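Only one structure is covered here, and it is reproduced in the block below.
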Amino acid sequence: MADQQKIHPLSHDVEAPNTPTVPLMPRNSSKSDQPDPPPPFHRTLPLPYAKPPKKTRSCCCRCFCWTISLLLLLILIIAIAAGILFLVFRPKLPDFEVDRLQITQFNLSTDSSLSAAFDVTIVAKNPNKKIGIYYEGGSHISVWYSGTNLCEGSLPKFYQGHRNTTVLIVPMSGKTQDASGLLSSLEQDRAQDGIIGLNLRVKQPVRIKLGKLKLFKVKFRVKCNLDVDDLSSTSNNISIRNSSCSFRLKL
C-alpha cells in the first residue's frame, strides 16, 4: 500500500503579502497607556419654536375699558350736538340794566333798626333771534351796602320772546337790626365824595326754548354795581351816576 501523503502546515504562508505584521499594542505597554477613544458624535436638533403664552385679561379690566370707551363716545356725541346747536341758533346771553331806583322808605326806628323799601326798575333784553326765555318762579333779588343786605324781593314769572325788551318794576323791602353805625357810614360816604356804592344781586331760574323744544332749568346770576347820590327818604328819585352789570350762567 502506497504511503499516505502527509500534509504538514507551513510556518509561512507563501500567498500572504510579504509585509511585517504590526502588533495592535506595542510590547511592554499596558492598556491604560493608550489614548481614550473620542466620544461618539451626537447631532443636536433645534428645539421647535414655542409661542409665548397669551396674557389673559380679567373681566373687571374689560368692563372698565368698555365703560371708558362708552363715556368717551357719549362725550363726543354731546360735543357734536352742542356744536350743531350753537351754529344753528347762535345763542347770546341776556342783558340786564338798572334803569331807575326809587326809595319809598328809609327810616331808622327807635330800636336802631333800619326799615328800607325800594322800587327798582330793571330792563331785561333778549338779543337772540331764535331763542326764547322762560323766567320761572323762585327768583331772588337783593340790594346790599358794604356787606349788609338792605332789602330784597323777587322777579315775576314771564316769557320773553325773540329779540324782546321787557321793563320790570320790582318792589323790595327789608329791615336791618342795629343800623346806627350803617347810617353813619352812609352819611360819611355822601359827605366825602357824594357817591354811595350799592350792589344789586339777582338769582333767576330760567328755561331756554330752542324752536319748539323747552330745555332743562338753569340759573342766571346777575351782579350790578350802582353808584347813587343819596339814600334819604325825602328824595324819591335817586340819581344813578354809574351802573355796570355782570352776567353768569349756572347749570
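Within each chain, counting starts at residue 1; across the C-alpha cells, chains are named A, B, ... in the order shown, with ligands numbered 1 upward in that order.
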I'd like to know which residues of segment 56-235 of chain A are strand (DSSP E) (by DSSP, run on the backbone); could you write them as a PDB file with C-alpha atoms, in the first residue's frame?
```
ATOM      1  CA  ASP A  95     -78.665 141.768  29.122  1.00  0.00           C
ATOM      2  CA  PHE A  96     -79.794 143.458  32.369  1.00  0.00           C
ATOM      3  CA  GLU A  97     -79.788 147.150  33.221  1.00  0.00           C
ATOM      4  CA  VAL A  98     -80.942 149.044  36.296  1.00  0.00           C
ATOM      5  CA  ASP A  99     -82.801 151.990  34.860  1.00  0.00           C
ATOM      6  CA  ARG A 100     -84.245 153.570  37.978  1.00  0.00           C
ATOM      7  CA  LEU A 101     -84.095 153.291  41.771  1.00  0.00           C
ATOM      8  CA  GLN A 102     -86.851 154.848  43.846  1.00  0.00           C
ATOM      9  CA  ILE A 103     -86.903 154.856  47.658  1.00  0.00           C
ATOM     10  CA  THR A 104     -90.293 154.617  49.353  1.00  0.00           C
ATOM     11  CA  GLN A 105     -88.983 154.084  52.887  1.00  0.00           C
ATOM     12  CA  PHE A 106     -85.608 154.512  54.570  1.00  0.00           C
ATOM     13  CA  ASN A 107     -86.137 155.225  58.274  1.00  0.00           C
ATOM     14  CA  LEU A 108     -84.279 154.466  61.494  1.00  0.00           C
ATOM     15  CA  LEU A 114     -83.440 150.399  59.699  1.00  0.00           C
ATOM     16  CA  SER A 115     -86.538 149.835  57.542  1.00  0.00           C
ATOM     17  CA  ALA A 116     -85.909 150.183  53.800  1.00  0.00           C
ATOM     18  CA  ALA A 117     -88.199 149.843  50.790  1.00  0.00           C
ATOM     19  CA  PHE A 118     -87.132 150.332  47.154  1.00  0.00           C
ATOM     20  CA  ASP A 119     -88.795 150.166  43.738  1.00  0.00           C
ATOM     21  CA  VAL A 120     -86.192 149.037  41.244  1.00  0.00           C
ATOM     22  CA  THR A 121     -86.824 149.387  37.511  1.00  0.00           C
ATOM     23  CA  ILE A 122     -84.937 146.691  35.552  1.00  0.00           C
ATOM     24  CA  VAL A 123     -84.671 146.470  31.789  1.00  0.00           C
ATOM     25  CA  ALA A 124     -84.200 142.859  30.585  1.00  0.00           C
ATOM     26  CA  LYS A 125     -83.166 142.293  26.963  1.00  0.00           C
ATOM     27  CA  ASN A 126     -83.156 139.071  24.962  1.00  0.00           C
ATOM     28  CA  ILE A 131     -84.177 131.533  21.410  1.00  0.00           C
ATOM     29  CA  GLY A 132     -86.933 132.338  23.908  1.00  0.00           C
ATOM     30  CA  ILE A 133     -86.521 132.566  27.700  1.00  0.00           C
ATOM     31  CA  TYR A 134     -88.991 131.405  30.358  1.00  0.00           C
ATOM     32  CA  TYR A 135     -88.415 133.248  33.639  1.00  0.00           C
ATOM     33  CA  HIS A 140     -84.369 136.387  44.366  1.00  0.00           C
ATOM     34  CA  ILE A 141     -83.185 139.986  44.086  1.00  0.00           C
ATOM     35  CA  SER A 142     -81.429 141.958  46.831  1.00  0.00           C
ATOM     36  CA  VAL A 143     -79.694 145.302  47.405  1.00  0.00           C
ATOM     37  CA  TRP A 144     -76.504 145.428  49.525  1.00  0.00           C
ATOM     38  CA  TYR A 145     -74.413 148.175  51.030  1.00  0.00           C
ATOM     39  CA  THR A 148     -75.234 144.479  54.623  1.00  0.00           C
ATOM     40  CA  ASN A 149     -78.484 143.331  52.986  1.00  0.00           C
ATOM     41  CA  LEU A 150     -80.777 146.366  52.922  1.00  0.00           C
ATOM     42  CA  CYS A 151     -83.823 144.906  51.155  1.00  0.00           C
ATOM     43  CA  GLU A 152     -84.881 142.024  48.908  1.00  0.00           C
ATOM     44  CA  GLY A 153     -87.653 140.892  46.584  1.00  0.00           C
ATOM     45  CA  PHE A 158     -92.972 135.691  32.396  1.00  0.00           C
ATOM     46  CA  TYR A 159     -91.893 134.553  28.928  1.00  0.00           C
ATOM     47  CA  GLN A 160     -89.536 136.693  26.890  1.00  0.00           C
ATOM     48  CA  ASN A 164     -87.604 141.267  23.121  1.00  0.00           C
ATOM     49  CA  THR A 165     -87.053 144.012  25.705  1.00  0.00           C
ATOM     50  CA  THR A 166     -89.051 143.810  28.937  1.00  0.00           C
ATOM     51  CA  VAL A 167     -89.233 146.523  31.621  1.00  0.00           C
ATOM     52  CA  LEU A 168     -89.789 145.213  35.158  1.00  0.00           C
ATOM     53  CA  ILE A 169     -90.646 147.260  38.259  1.00  0.00           C
ATOM     54  CA  VAL A 170     -89.681 145.168  41.265  1.00  0.00           C
ATOM     55  CA  PRO A 171     -90.757 146.212  44.789  1.00  0.00           C
ATOM     56  CA  MET A 172     -88.232 145.379  47.518  1.00  0.00           C
ATOM     57  CA  SER A 173     -88.257 145.738  51.294  1.00  0.00           C
ATOM     58  CA  GLY A 174     -86.151 144.792  54.290  1.00  0.00           C
ATOM     59  CA  LYS A 175     -85.174 145.514  57.856  1.00  0.00           C
ATOM     60  CA  THR A 176     -81.685 145.776  59.330  1.00  0.00           C
ATOM     61  CA  ILE A 196     -72.870 155.812  47.743  1.00  0.00           C
ATOM     62  CA  GLY A 197     -71.942 152.433  46.330  1.00  0.00           C
ATOM     63  CA  LEU A 198     -74.651 149.759  46.212  1.00  0.00           C
ATOM     64  CA  ASN A 199     -74.656 146.176  44.932  1.00  0.00           C
ATOM     65  CA  LEU A 200     -77.715 144.610  43.317  1.00  0.00           C
ATOM     66  CA  ARG A 201     -77.765 140.816  43.016  1.00  0.00           C
ATOM     67  CA  VAL A 202     -80.233 138.705  41.054  1.00  0.00           C
ATOM     68  CA  LYS A 203     -80.682 134.917  41.089  1.00  0.00           C
ATOM     69  CA  GLN A 204     -83.177 133.834  38.447  1.00  0.00           C
ATOM     70  CA  PRO A 205     -84.061 130.281  37.326  1.00  0.00           C
ATOM     71  CA  VAL A 206     -84.965 130.109  33.639  1.00  0.00           C
ATOM     72  CA  ARG A 207     -85.723 127.613  30.897  1.00  0.00           C
ATOM     73  CA  ILE A 208     -84.376 128.068  27.403  1.00  0.00           C
ATOM     74  CA  LYS A 209     -86.661 127.486  24.402  1.00  0.00           C
ATOM     75  CA  LEU A 210     -84.992 126.375  21.166  1.00  0.00           C
ATOM     76  CA  LEU A 213     -88.020 122.458  22.377  1.00  0.00           C
ATOM     77  CA  LYS A 214     -88.023 123.561  26.030  1.00  0.00           C
ATOM     78  CA  LEU A 215     -84.734 122.661  27.705  1.00  0.00           C
ATOM     79  CA  PHE A 216     -83.882 121.910  31.323  1.00  0.00           C
ATOM     80  CA  LYS A 217     -83.775 124.595  34.007  1.00  0.00           C
ATOM     81  CA  VAL A 218     -80.678 126.738  34.530  1.00  0.00           C
ATOM     82  CA  LYS A 219     -79.894 129.735  36.747  1.00  0.00           C
ATOM     83  CA  PHE A 220     -78.914 133.252  35.774  1.00  0.00           C
ATOM     84  CA  ARG A 221     -76.797 135.216  38.220  1.00  0.00           C
ATOM     85  CA  VAL A 222     -76.604 138.980  37.757  1.00  0.00           C
ATOM     86  CA  LYS A 223     -74.485 141.361  39.814  1.00  0.00           C
ATOM     87  CA  CYS A 224     -74.766 145.130  39.300  1.00  0.00           C
ATOM     88  CA  ASN A 225     -72.608 147.833  40.859  1.00  0.00           C
ATOM     89  CA  LEU A 226     -74.546 151.073  41.358  1.00  0.00           C
ATOM     90  CA  ASP A 227     -73.281 154.499  42.323  1.00  0.00           C
ATOM     91  CA  VAL A 228     -76.106 156.704  43.667  1.00  0.00           C
TER      92      VAL A 228
END
```
Using backbone DSSP assignments, extract all helix (DSSP H, G or I) residues from segment 121-214 of chain A; output them as a list in words.
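Here is the list: Ser180, Gly181, Leu182, Leu183, Ser184, Ser185, Leu186, Glu187, Gln188, Asp189, Arg190, Ala191, Gln192 and Asp193 of chain A.
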Could you tell me how far atom CA of Asp229 of chain A lies from atom CA of Ser243 of chain A, in Å and to one decimal?
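Atom CA of Ser243 of chain A lies 12.5 Å from atom CA of Asp229 of chain A.
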For His162 of chain A, which residue out of A:Gly83, A:Gly138, A:Ser239, A:Lys129 is the nearest one, using only C-alpha atoms?
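Checking each of A:Gly83, A:Gly138, A:Ser239, A:Lys129 against His162 of chain A, counting only C-alpha atoms, the winner is A:Lys129.
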